[in-house]
Amino acid sequence: MQVCIDRRVMTSPGIGERMQNWMVSFLDPSDWRRVGLARRSWAWFVGLLDPNDWRRLKAEGEGPVFIPITTEKGARFGTRDLLRDTLRASPGNLTIKLHALVTRVILENKRAVAVEYLDGPHLYQAGPEATSSASVPRRTVRARCEIILAGGAFNTPQLLMLSGIGPAEDLEKLGINVEVDLPGVGRNLQDRYEVGVVHEMRRYFDILEHATLRAQGPDFEDWQKGHGLYTTNGAVLGMIKRSSHDRQNPDLFMFALPGYFSGYWPGYSERGREKHYFTWAILKGHTNNRGGRVRLTSPDPCVPPDINFHYFDEGTDAGGDDLDAVVSGIEFIRHFGKRTAGLCDEIIPGPSVQTRLELNRFVKDNAWGHHACGTCRIGPDGDPDAVIDSRFSVRGVKGLRIVDASIFPKIPGFFIVSAVYMAAEKASDVICADDKARLRHF
Ligand SMILES: Cc1cc2nc3c(=O)[nH]c(=O)nc-3n(C[C@H](O)[C@H](O)[C@H](O)COP(=O)(O)OP(=O)(O)OC[C@H]3O[C@@H](n4cnc5c(N)ncnc54)[C@H](O)[C@@H]3O)c2cc1C
């Protein structure tokens with residue numbers, strides 16, 4: 001808390017405005033009547049540390065937060081579970097085909113009518129277990145109404161381009177028949193930046209003393225019963241902060257992990273099992289760079305496209321604001337570190353990386369991202385780079401929509417997946433409304 005005060009975290013907006021927001025929300029009687037005063041008061045109090053809490057968002061609040069996680073009864077809960085629930089609830093209405101690589105959408109007179117796929121496992125060459133597709137059957141599924149692509153920020157643009165929808169010049173070079181010239185396909189690739197400041201501890205955290213960090217032991221048994229250490233995602237604390245006081249929105253999200261984390265290297269989780277490390281992961285949100293690109297390099301659907309984020313100097317953040325923000329995050333964490341100097345030693349970036357120039361170099365060499373988006377962005381009529389319209393429909397094609405992280409014009413907030421879920425909710429409303437309108441028309 002003292003570091004927050006020293007570094008003027010939580011001073012914008014003023015404490016008066018913050019107290020006023022708190023009072024207004026606490027005195028709101030609607031929830032009291034619904035869940036009772038005691039539960040409501042507890043939820044209100046805990047909500048103050050929830051980064052998604054409306055009071056915090058309205059105040060553009062900085063300061064310590066808990067890390068929200070999508071779990072149910074202590075276990076991970078996501079899209080997969082929703083799909084399985086839907087299968088159980090509506091047998092016969094949903095078919096999930098595993099081990100299939102979609103290769104293109106088939107168009108007839110600029111209408112999407114079918115999806116072609118290769119029927120076999122591990123065909124995409126990006127995978128570590130990739131196999132040859134030479135003897136794999138190629139199949140087609142015809143659509144009665146329409147087709148919705150949800151292949152993510154890299155594969156949805158790849159699939160569009162394989163289907164002849166994309167920048168005409170690039171498609172022609174690869175011998176792909178151009179169905180619709182959409183120059184925005186694959187452009188506007190964006191991500192955040194993240195780095196880890198790793199410390200070596202002089203002793204273990206007590207909480208990890210008996211943890212095997214494997215599928216065995218008492219902590220694992222606790223998790224199977226829905227409680228204990230493994231029901232968390234490992235992060236013990238989060239901190240939201242502005243990288244500089246003149247920013248309108250906080251742009252740094254920093255979270256503390258009792259373990260070693262310097263990025264998603266192959267095998268990174270093995271290092272996470274070593275108990276005498278502590279990491280502050282620094283995530284830069286609201287990034288400026290929109291200069292990334294996904295380009296098709298081959299008409300073979302098993303070959304990954306060329307993906308280049310054009311990070312830092314290569315991108316569109318001419319002022320270098322993204323880089324400065326990450327470096328400020330490291331400096332802030334080092335300020336924290338001074339207060340725990342007797343307990344641990346910083347090993348990454350480490351004591352030899354001190355000046356602003358050295359820190360810039362460290363960030364450029366080590367930053368990673370994992371919230372890629374924007375490569376089939378939504379946009380108004382007349383926008384030459386817009387790929388879909390406000391009804392999620394691919395421009396220039398009938399019966400084809402996109403609903404995934406590729407649709408965002410600008411990377412949303414700090415973490416992206418809740419925004420992807422919200423876009424999907426909106427899309428389902430739009431699709432149902434369009435379908436009702438279509439049926440009325442008949
Ligand atoms: C390591 C990592 C950690 C992350 N952590 C977080 C986090 O903590 N919080 C957060 O908010 N976000 C996080 N993200 C980001 C988040 O997971 C993604 O932004 C989100 O899943 C994107 O959703 P999507 O529907 O666009 O794509 P995806 O979830 O990638 O779904 C696309 C699906 O399409 C399938 N597919 C693609 N091409 C084909 C094809 N040709 N044929 C058949 N299937 C195909 C893929 O296999 C995949 O299942 C993380 C991402 C990574 C990689």
# chains A, B, ... in the order shown; residues from 1 in each chain; ligands from 1
>>> residues_near_ligand(ligand="ligand 1", cutoff="7 Å", atoms="only C-alpha atoms and all ligand atoms", output="VMD selection string")
chain A and resid 100 to 103 150 to 153 155 to 156 159 264 370 to 372 404 to 406 415 to 418 420
>>> residues_around(residues="Arg290 in chain A", least_positions_apart="5", cutoff="12 Å", atoms="only C-alpha atoms", output="ChimeraX atom specification")
/A:186-192,308-318,322,372-375,377,408-411
>>> select_by_dssp(residues="range 45-84 of chain A", states="strand (DSSP E)", output="count of residues only")
7
>>> residues_around(residues="Pro64 in chain A", least_positions_apart="5", cutoff="8 Å", atoms="only C-alpha atoms", output="PyMOL selection string")
chain A and resi 49+237-240
>>> closest_residue(among="A:Gly379, A:Pro121, A:Pro351, A:Gly63", to="Phe255 in chain A", atoms="only C-alpha atoms")
A:Gly63
>>> residues_around(residues="Ala235 in chain A", least_positions_apart="3", cutoff="9 Å", atoms="only C-alpha atoms", output="VMD selection string")
chain A and resid 66 to 67 232 238 255 to 258
>>> closest_residue(among="A:Asn366, A:Asn249, A:Ser244, A:Thr131", to="Arg56 in chain A", atoms="only C-alpha atoms")
A:Asn249
>>> residues_around(residues="Arg395 in chain A", least_positions_apart="5", cutoff="12 Å", atoms="only C-alpha atoms", output="count of residues only")
31
>>> closest_residue(among="A:Gly226, A:Gly263, A:Pro301, A:Gly342", to="Arg76 in chain A", atoms="only C-alpha atoms")
A:Gly226
